[in-house]
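work.txt (compact mmCIF, C-alpha atoms) appears below.
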```txt
# COMPACT_ATOMS: atom_id res chain seq x y z
CA LEU D 272 100.14 77.53 91.35
CA PRO D 273 99.43 81.00 92.84
CA ILE D 274 99.60 81.18 96.63
CA CYS D 275 95.83 81.73 97.01
CA ALA D 276 95.08 78.68 94.85
CA MET D 277 97.50 76.56 96.84
CA GLU D 278 96.02 77.70 100.15
CA SER D 279 92.52 76.69 99.02
CA ARG D 280 93.75 73.15 98.40
CA ALA D 281 96.67 72.96 100.84
CA ALA D 282 95.90 69.45 102.04
CA GLU D 283 95.72 68.16 98.47
CA VAL D 284 98.99 69.88 97.57
CA LEU D 285 100.75 68.32 100.55
CA ASP D 286 99.42 64.91 99.54
CA GLU D 287 100.70 65.48 96.00
CA MET D 288 104.14 66.40 97.37
CA LYS D 289 104.14 63.25 99.49
CA THR D 290 103.40 61.16 96.40
CA ARG D 291 106.09 62.87 94.37
CA ALA D 292 108.60 62.47 97.19
CA GLY D 293 107.90 58.77 97.24
CA GLU D 294 108.31 58.49 93.47
CA VAL D 295 111.68 60.23 93.47
CA ALA D 296 112.80 58.33 96.58
CA GLY D 297 112.12 55.14 94.63
CA THR D 298 114.77 56.13 92.05
CA VAL D 299 117.57 56.72 94.55
CA GLU D 300 118.61 53.07 94.89
CA GLY D 301 118.67 52.70 91.12
CA ALA D 302 120.92 55.76 90.87
CA LYS D 303 123.22 54.27 93.52
CA SER D 304 123.48 51.09 91.45
CA ILE D 305 124.36 53.12 88.34
CA VAL D 306 127.07 55.03 90.21
CA ALA D 307 128.46 51.76 91.58
CA ALA D 308 128.56 50.28 88.08
CA LEU D 309 130.20 53.43 86.68
CA SER D 310 132.77 53.38 89.49
CA ALA D 311 133.80 49.89 88.40
CA GLN D 312 134.36 51.13 84.83
CA TYR D 313 135.68 54.67 85.15
CA SER D 314 138.08 56.69 87.26
CA GLU D 315 137.02 58.78 90.23
CA ALA D 316 137.73 61.95 88.22
CA ALA D 317 135.16 60.92 85.60
CA LEU D 318 132.44 60.73 88.26
CA THR D 319 133.07 63.85 90.34
CA THR D 320 129.78 65.44 89.30
CA VAL D 321 127.66 62.37 90.09
CA SER D 322 129.41 60.24 92.72
CA ARG D 323 127.52 61.84 95.61
CA ALA D 324 124.33 62.65 93.70
CA PRO D 325 122.24 59.73 95.04
CA GLU D 326 123.26 60.51 98.61
CA ARG D 327 122.35 64.17 98.18
CA ALA D 328 119.08 63.25 96.50
CA GLY D 329 118.17 61.03 99.45
CA ALA D 330 118.93 63.84 101.90
CA LEU D 331 116.74 66.23 99.90
CA ILE D 332 113.85 63.75 99.90
CA ARG D 333 114.13 63.39 103.66
CA ALA D 334 114.07 67.19 103.99
CA ALA D 335 111.01 67.31 101.74
CA GLU D 336 109.23 64.70 103.81
CA ALA D 337 109.99 66.65 106.97
CA ALA D 338 108.59 69.82 105.38
CA ILE D 339 105.45 67.92 104.34
CA GLU D 340 104.87 66.65 107.87
CA GLU D 341 105.42 70.14 109.24
CA GLY D 342 102.94 71.47 106.70
CA ARG D 343 100.34 68.94 107.76
CA SER D 344 100.87 69.91 111.38
CA GLN D 345 100.37 73.57 110.50
CA LEU D 346 97.30 72.71 108.47
CA SER D 347 95.77 70.98 111.46
CA SER D 348 96.21 74.31 113.27
CA ASP D 349 94.44 76.00 110.34
CA ASP D 350 97.62 77.88 109.36
CA LYS D 351 97.20 77.41 105.62
CA SER D 352 99.82 80.03 104.72
CA ALA D 353 102.54 78.24 106.70
CA ALA D 354 101.41 74.88 105.33
CA VAL D 355 101.73 76.16 101.76
CA ALA D 356 105.18 77.58 102.53
CA ASN D 357 106.29 74.12 103.62
CA ALA D 358 104.69 72.58 100.54
CA ARG D 359 106.79 74.89 98.41
CA ILE D 360 109.93 73.97 100.38
CA ALA D 361 109.12 70.30 99.78
CA GLU D 362 108.47 70.91 96.08
CA GLN D 363 111.84 72.63 95.62
CA ALA D 364 113.68 69.85 97.45
CA ILE D 365 111.92 67.15 95.41
CA ASP D 366 112.70 68.94 92.13
CA GLN D 367 116.34 69.29 93.12
CA ALA D 368 116.52 65.60 94.08
CA ALA D 369 115.02 64.61 90.73
CA GLN D 370 117.59 66.75 88.93
CA LEU D 371 120.39 65.03 90.83
CA ILE D 372 119.06 61.63 89.79
CA GLY D 373 118.88 62.95 86.23
CA THR D 374 122.57 63.91 86.30
CA VAL D 375 123.43 60.29 87.11
CA HIS D 376 121.52 58.95 84.11
CA GLY D 377 122.91 61.72 81.91
CA ALA D 378 126.50 61.00 82.96
CA SER D 379 126.07 57.32 82.19
CA THR D 380 124.88 58.14 78.68
CA LEU D 381 127.63 60.69 78.01
CA LEU D 382 130.40 58.40 79.23
CA GLU D 383 129.14 55.55 77.05
CA GLU D 384 128.77 57.80 74.00
CA ALA D 385 132.31 59.13 74.47
CA LYS D 386 133.94 55.74 73.77
CA PRO D 387 133.41 55.55 69.98
CA LYS D 388 134.31 59.24 69.70
CA ILE D 389 137.60 58.54 71.46
CA GLN D 390 138.40 55.74 69.02
CA SER D 391 137.67 58.05 66.11
CA ARG D 392 139.82 60.85 67.53
CA ILE D 393 142.69 58.46 68.28
CA GLY D 394 142.63 57.32 64.67
CA SER D 395 142.56 60.86 63.33
CA LEU D 396 145.28 62.11 65.67
CA THR D 397 147.48 59.09 64.94
CA SER D 398 147.25 60.06 61.27
CA ASP D 399 148.29 63.60 62.20
CA VAL D 400 151.32 62.29 64.10
CA LYS D 401 152.35 60.36 60.99
CA ASP D 402 151.97 63.55 58.95
CA ALA D 403 154.13 65.39 61.47
CA ASN D 404 156.86 62.78 61.16
CA ARG D 405 156.65 62.87 57.39
CA LEU D 406 156.23 66.60 56.75
CA ALA D 407 158.08 68.36 59.57
CA ALA D 408 160.06 65.92 61.68
CA THR D 409 162.61 68.55 62.81
CA ASP D 410 160.32 71.56 63.26
CA GLN D 411 160.26 72.55 66.94
CA VAL D 412 156.66 73.78 67.01
CA VAL D 413 155.44 70.64 65.29
CA SER D 414 157.56 68.46 67.57
CA ALA D 415 156.06 70.01 70.72
CA ALA D 416 152.53 69.53 69.37
CA ARG D 417 153.38 65.96 68.38
CA VAL D 418 154.57 65.13 71.91
CA GLU D 419 151.26 66.42 73.37
CA ALA D 420 149.36 64.50 70.70
CA GLN D 421 151.11 61.26 71.65
CA ALA D 422 150.34 61.88 75.33
CA ALA D 423 146.70 62.56 74.46
CA ILE D 424 146.54 59.34 72.45
CA ALA D 425 147.94 57.41 75.42
CA GLU D 426 145.32 58.97 77.70
CA GLY D 427 142.63 58.14 75.17
CA ILE D 428 143.70 54.50 75.03
CA ASP D 429 143.65 54.40 78.83
CA ALA D 430 140.17 55.93 78.84
CA THR D 431 138.84 53.14 76.62
CA ARG D 432 139.75 50.76 79.45
CA GLY D 433 138.28 53.02 82.14
CA GLY D 434 139.85 56.34 83.06
CA ASP D 435 137.97 59.55 82.31
CA PRO D 436 136.52 59.37 78.78
CA LEU D 437 135.20 62.94 78.67
CA ALA D 438 138.51 64.44 79.82
CA ALA D 439 140.39 62.20 77.38
CA LEU D 440 138.12 63.24 74.51
CA THR D 441 138.61 66.90 75.33
CA ARG D 442 142.39 66.46 75.42
CA LEU D 443 142.41 64.53 72.15
CA GLU D 444 140.42 67.22 70.37
CA SER D 445 142.58 70.01 71.78
CA ALA D 446 145.76 68.16 70.81
CA GLU D 447 144.45 67.58 67.30
CA THR D 448 143.64 71.26 66.87
CA ALA D 449 147.11 72.25 68.09
CA LEU D 450 148.91 69.76 65.84
CA ASP D 451 146.83 70.73 62.82
CA GLN D 452 147.69 74.37 63.41
CA ALA D 453 151.40 73.52 63.74
CA LEU D 454 151.24 71.56 60.47
CA GLU D 455 149.46 74.30 58.50
CA PRO D 456 152.62 75.63 56.81
CA PHE D 457 153.46 72.13 55.61
CA ARG D 458 150.04 71.08 54.29
CA ALA D 459 148.09 72.03 51.21
CA GLN D 460 145.67 74.85 52.03
CA GLU D 461 142.59 72.93 50.94
CA VAL D 462 143.51 70.17 53.40
CA VAL D 463 143.99 72.75 56.17
CA ALA D 464 140.59 74.33 55.51
CA GLN D 465 138.78 71.00 55.32
CA ARG D 466 140.26 69.69 58.58
CA ALA D 467 139.54 72.93 60.43
CA ALA D 468 135.90 72.95 59.30
CA THR D 469 135.46 69.35 60.45
CA GLN D 470 137.00 70.06 63.84
CA VAL D 471 134.71 73.04 64.47
CA GLU D 472 131.60 70.86 64.59
CA GLN D 473 133.26 68.03 66.49
CA ARG D 474 134.75 70.22 69.18
CA ARG D 475 131.65 72.40 69.52
CA THR D 476 129.50 69.31 70.10
CA THR D 477 131.84 68.01 72.79
CA VAL D 478 131.96 71.34 74.62
CA GLU D 479 128.17 71.75 74.38
CA GLN D 480 127.75 68.33 75.99
CA ARG D 481 130.13 69.32 78.79
CA VAL D 482 128.17 72.54 79.30
CA ALA D 483 124.85 70.68 79.48
CA ARG D 484 126.25 68.17 81.95
CA LEU D 485 127.72 70.88 84.19
CA GLU D 486 124.57 73.02 84.03
CA GLY D 487 122.58 70.07 85.32
CA TYR D 488 125.09 69.57 88.10
CA ILE D 489 125.01 73.26 89.07
CA THR D 490 121.22 73.40 89.01
CA ALA D 491 120.92 70.27 91.12
CA ASN D 492 123.39 71.68 93.67
CA ARG D 493 122.39 75.32 93.49
CA GLY D 494 121.95 75.63 97.23
CA GLY D 495 125.63 74.87 97.82
CA LEU D 496 127.15 77.07 95.09
CA ASP D 497 127.68 80.78 94.64
CA VAL D 498 127.22 82.54 91.29
CA ARG D 499 130.75 82.05 89.93
CA PRO D 500 130.31 78.58 88.34
CA ARG D 501 127.12 79.69 86.59
CA THR D 502 128.80 82.93 85.47
CA LEU D 503 131.67 80.94 83.95
CA ILE D 504 129.22 78.66 82.16
CA SER D 505 127.31 81.66 80.79
CA GLU D 506 130.57 83.03 79.42
CA ALA D 507 131.41 79.65 77.89
CA LYS D 508 128.02 79.58 76.17
CA ARG D 509 128.65 83.09 74.85
CA HIS D 510 131.89 81.91 73.20
CA LEU D 511 130.12 78.86 71.75
CA LYS D 512 127.36 81.05 70.34
CA LEU D 513 129.94 83.40 68.87
CA SER D 514 131.70 80.46 67.21
CA GLU D 515 128.50 79.73 65.28
CA THR D 516 128.56 83.19 63.69
CA ILE D 517 132.20 83.05 62.57
CA THR D 518 132.92 81.82 59.05
CA ASP D 519 136.68 81.40 59.56
CA PRO D 520 137.15 77.89 61.03
CA LYS D 521 140.38 78.80 62.81
CA ALA D 522 138.76 81.77 64.51
CA ALA D 523 135.74 79.63 65.43
CA LEU D 524 138.06 77.04 66.96
CA ARG D 525 139.66 79.73 69.11
CA GLU D 526 136.24 80.63 70.51
CA ILE D 527 135.45 76.97 71.15
CA SER D 528 138.79 76.48 72.88
CA GLN D 529 138.05 79.45 75.12
CA ALA D 530 134.66 77.98 75.93
CA SER D 531 136.28 74.64 76.79
CA GLU D 532 138.71 76.32 79.19
CA LEU D 533 135.85 78.15 80.89
CA VAL D 534 133.90 74.90 81.33
CA SER D 535 136.95 73.33 82.95
CA GLU D 536 137.31 76.33 85.25
CA ALA D 537 133.61 76.22 86.15
CA THR D 538 133.85 72.48 86.88
CA ASP D 539 136.84 72.99 89.17
CA GLU D 540 135.10 75.86 90.95
CA ALA D 541 131.90 73.89 91.48
CA GLU D 542 133.79 70.88 92.83
CA ARG D 543 135.83 73.13 95.14
CA GLN D 544 132.70 74.73 96.61
CA LEU D 545 130.98 71.40 97.17
```
I'd like the structure from this file rewritten - as structure tokens, please.
Amino acid sequence: LPICAMESRAAEVLDEMKTRAGEVAGTVEGAKSIVAALSAQYSEAALTTVSRAPERAGALIRAAEAAIEEGRSQLSSDDKSAAVANARIAEQAIDQAAQLIGTVHGASTLLEEAKPKIQSRIGSLTSDVKDANRLAATDQVVSAARVEAQAAIAEGIDATRGGDPLAALTRLESAETALDQALEPFRAQEVVAQRAATQVEQRRTTVEQRVARLEGYITANRGGLDVRPRTLISEAKRHLKLSETITDPKAALREISQASELVSEATDEAERQL
């Protein structure tokens, strides 16, 4: 609402903020329970963006409630402008708290959805390893890619029992791209083209999900972060968008790989700052 409109109904706005604060506060315990359940299933690394979200949300709600009480005090002194300023402070804190709670629910969904994708990627990459053994067992480039593929498969298996499913899925997809590229000279060209086209959509989807998750995290914690994580995410999105315009699957995969690296860098930077 415009400032003048808010001032004319300042008391009502403060009451609305109080109601909203109570509604969001009522979701904090549920978010804590979700984080506790996730902690029993997944590694600490898998939960870095959400482990403290309920605690931060609770602190924001308390700050909002303090701003509301201050606004009511100012309203009793007929200082409507100051009361509205505090209402806006409360509104921003409540919105940020709600976003933090949303990141918890979003992380739970993403982690659960990653499990069948990991199984699929393990199966596909295991097939690639067999191809490597059959087609180019002594080639050094293929051998190096095969070693990384086997390590990625092991991490993926570990992630199905806990671990960090999103990190494992990212590593599996990267390893599959690298091994496919190493095997190109030894495969029929139609097979190469078909596999590359399939990987473009799979990898783009995974990176887009990581971007969405991190954007939510950055937005919810915007007060504690400088512009660098958001800048890195913007650059990652640029590479993803560019990949959609490229008809050559291998070139598109390079753009997606660059986007993935930028998301990882943005995640590390955000975690370092917080």
Expected residue set, 6 Å radius at (143.6, 66.0, 65.2), only C-alpha atoms, as an MDAnalysis selection string: chainID D and resid 395:396 447:448
With 8 Å added on each side, what axis-aligned box encloses every listed atom of range 385-397 of chain D? Give the centre and edge lengths in Å to one decimal, as JSON.
```
{"center_x": 139.9, "center_y": 58.8, "center_z": 68.9, "size_x": 31.2, "size_y": 22.6, "size_z": 27.1}
```
If we count all atoms listed in the file and set the cut-off at 12 Å, which residues sit around Asp539 in chain D, ignoring sequence neighbours fewer than 5 positions away in its own chain? Please answer as a short mmCIF file (atom, residue, chain, number, x, y, z; two decimals) with C-alpha atoms, in the coordinates of the input.
```cif
data_model
loop_
_atom_site.label_atom_id
_atom_site.label_comp_id
_atom_site.auth_asym_id
_atom_site.auth_seq_id
_atom_site.Cartn_x
_atom_site.Cartn_y
_atom_site.Cartn_z
CA ALA D 316 137.73 61.95 88.22
CA THR D 319 133.07 63.85 90.34
CA THR D 320 129.78 65.44 89.30
CA LEU D 485 127.72 70.88 84.19
CA ILE D 489 125.01 73.26 89.07
CA ARG D 499 130.75 82.05 89.93
CA PRO D 500 130.31 78.58 88.34
CA LEU D 503 131.67 80.94 83.95
CA ILE D 504 129.22 78.66 82.16
CA GLU D 532 138.71 76.32 79.19
CA LEU D 533 135.85 78.15 80.89
CA VAL D 534 133.90 74.90 81.33
CA GLN D 544 132.70 74.73 96.61
CA LEU D 545 130.98 71.40 97.17
#
```
With all atoms listed in the file as the basis for distance, which of D:Ala364, D:Ala308, D:Ala523, D:Leu318 is at the shortest distance from Arg333 in chain D? D:Ala364
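With distances taken over all atoms listed in the file, D:Leu524 is the one residue among D:Leu511, D:Leu331, D:Leu524, D:Ala425 lying closest to Asp451 in chain D.
In this structure, CA of Leu381 in chain D sits 21.1 Å away from CA of Glu326 in chain D.
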Please work out which residues fall within 9 Å of (150.3, 65.6, 72.9), coordinates as given in the file, with all atoms listed in the file counting, and return them as a VMD selection string. chain D and resid 415 to 425 442 to 443 445 to 447 449 to 450
Using all atoms listed in the file, which protein or nucleic acid residues come within 9 Å of Met288 in chain D? Drop anything in the same chain fewer than 5 positions from it, and give the result as a VMD selection string. chain D and resid 283 293 335 to 336 339 358 to 359 361 to 362 365
Just the residues within 12 Å of Leu496 in chain D, please, counting only C-alpha atoms, with nothing from its chain fewer than 4 positions along; format it as a PyMOL selection string. chain D and resi 488-492+500-502+537-538+540-545
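Using all atoms listed in the file, the shortest contact distance between Val412 in chain D and any of D:Asp435, D:Val463, D:Ile372, D:Phe457 is found at D:Phe457.
The gap separating CA of Gln470 in chain D from CA of Leu382 in chain D is 20.4 Å, in Å to one decimal.
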Set the distance at 10 Å and use all atoms listed in the file: which residues neighbour Arg323 in chain D once local chain neighbours fewer than 5 positions away are removed? I'd like the list as a PyMOL selection string. chain D and resi 303+306+318+328+371+375
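CA of Ala408 in chain D lies 28.1 Å from CA of Asp519 in chain D.
Considering the residues D:Val321, D:Glu444, D:Ser391, D:Glu461 and counting all atoms listed in the file, Val478 in chain D has its shortest atom-to-atom contact with D:Glu444.
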With the input short on atoms, add all heavy atoms back to range 279-290 of chain D and write it as a short mmCIF file (atom, residue, chain, number, x, y, z; two decimals), in the coordinates of the input.
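Below you can see out_8.cif, which holds the result:
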```
data_model
loop_
_atom_site.label_atom_id
_atom_site.label_comp_id
_atom_site.auth_asym_id
_atom_site.auth_seq_id
_atom_site.Cartn_x
_atom_site.Cartn_y
_atom_site.Cartn_z
N SER D 279 93.87 77.23 99.07
CA SER D 279 92.52 76.69 99.02
C SER D 279 92.52 75.17 98.93
O SER D 279 91.52 74.52 99.24
CB SER D 279 91.76 77.28 97.83
OG SER D 279 92.32 76.83 96.61
N ARG D 280 93.65 74.60 98.50
CA ARG D 280 93.75 73.15 98.40
C ARG D 280 95.06 72.66 99.04
O ARG D 280 95.73 71.77 98.52
CB ARG D 280 93.66 72.71 96.94
CG ARG D 280 94.58 73.41 95.98
CD ARG D 280 94.27 73.04 94.53
NE ARG D 280 94.55 71.65 94.26
CZ ARG D 280 95.74 71.19 93.83
NH1 ARG D 280 96.76 72.04 93.66
NH2 ARG D 280 95.91 69.92 93.59
N ALA D 281 95.40 73.24 100.18
CA ALA D 281 96.67 72.96 100.84
C ALA D 281 96.84 71.48 101.17
O ALA D 281 97.92 70.91 100.96
CB ALA D 281 96.79 73.80 102.11
N ALA D 282 95.80 70.86 101.67
CA ALA D 282 95.90 69.45 102.04
C ALA D 282 96.19 68.59 100.81
O ALA D 282 97.03 67.67 100.85
CB ALA D 282 94.61 68.99 102.72
N GLU D 283 95.51 68.91 99.70
CA GLU D 283 95.72 68.16 98.47
C GLU D 283 97.14 68.35 97.94
O GLU D 283 97.78 67.40 97.49
CB GLU D 283 94.70 68.61 97.42
CG GLU D 283 94.76 67.82 96.12
CD GLU D 283 93.74 68.31 95.11
OE1 GLU D 283 92.85 69.11 95.50
OE2 GLU D 283 93.84 67.91 93.94
N VAL D 284 97.63 69.59 98.03
CA VAL D 284 98.99 69.88 97.57
C VAL D 284 100.02 69.11 98.39
O VAL D 284 100.96 68.52 97.85
CB VAL D 284 99.28 71.40 97.63
CG1 VAL D 284 100.77 71.68 97.39
CG2 VAL D 284 98.43 72.14 96.60
N LEU D 285 99.83 69.08 99.69
CA LEU D 285 100.75 68.32 100.55
C LEU D 285 100.72 66.84 100.21
O LEU D 285 101.77 66.17 100.20
CB LEU D 285 100.41 68.55 102.02
CG LEU D 285 100.78 69.94 102.57
CD1 LEU D 285 100.11 70.17 103.92
CD2 LEU D 285 102.30 70.08 102.70
N ASP D 286 99.53 66.32 99.93
CA ASP D 286 99.42 64.91 99.54
C ASP D 286 100.14 64.66 98.21
O ASP D 286 100.81 63.63 98.03
CB ASP D 286 97.94 64.51 99.40
CG ASP D 286 97.24 64.37 100.75
OD1 ASP D 286 97.95 64.27 101.77
OD2 ASP D 286 95.99 64.39 100.77
N GLU D 287 100.01 65.60 97.29
CA GLU D 287 100.70 65.48 96.00
C GLU D 287 102.22 65.48 96.20
O GLU D 287 102.95 64.70 95.56
CB GLU D 287 100.31 66.62 95.07
CG GLU D 287 98.88 66.53 94.56
CD GLU D 287 98.47 67.77 93.78
OE1 GLU D 287 99.28 68.72 93.70
OE2 GLU D 287 97.33 67.80 93.28
N MET D 288 102.70 66.35 97.09
CA MET D 288 104.14 66.40 97.37
C MET D 288 104.62 65.09 98.00
O MET D 288 105.72 64.60 97.70
CB MET D 288 104.47 67.57 98.29
CG MET D 288 104.27 68.96 97.68
SD MET D 288 105.22 69.21 96.17
CE MET D 288 103.90 69.11 94.94
N LYS D 289 103.79 64.52 98.86
CA LYS D 289 104.14 63.25 99.49
C LYS D 289 104.27 62.15 98.43
O LYS D 289 105.20 61.34 98.47
CB LYS D 289 103.06 62.87 100.51
CG LYS D 289 103.36 61.60 101.29
CD LYS D 289 104.55 61.77 102.22
CE LYS D 289 104.75 60.55 103.10
NZ LYS D 289 105.93 60.70 104.00
N THR D 290 103.35 62.15 97.47
CA THR D 290 103.40 61.16 96.40
C THR D 290 104.65 61.34 95.55
O THR D 290 105.36 60.38 95.23
CB THR D 290 102.15 61.26 95.51
OG1 THR D 290 100.98 61.00 96.31
CG2 THR D 290 102.21 60.27 94.36
#
```
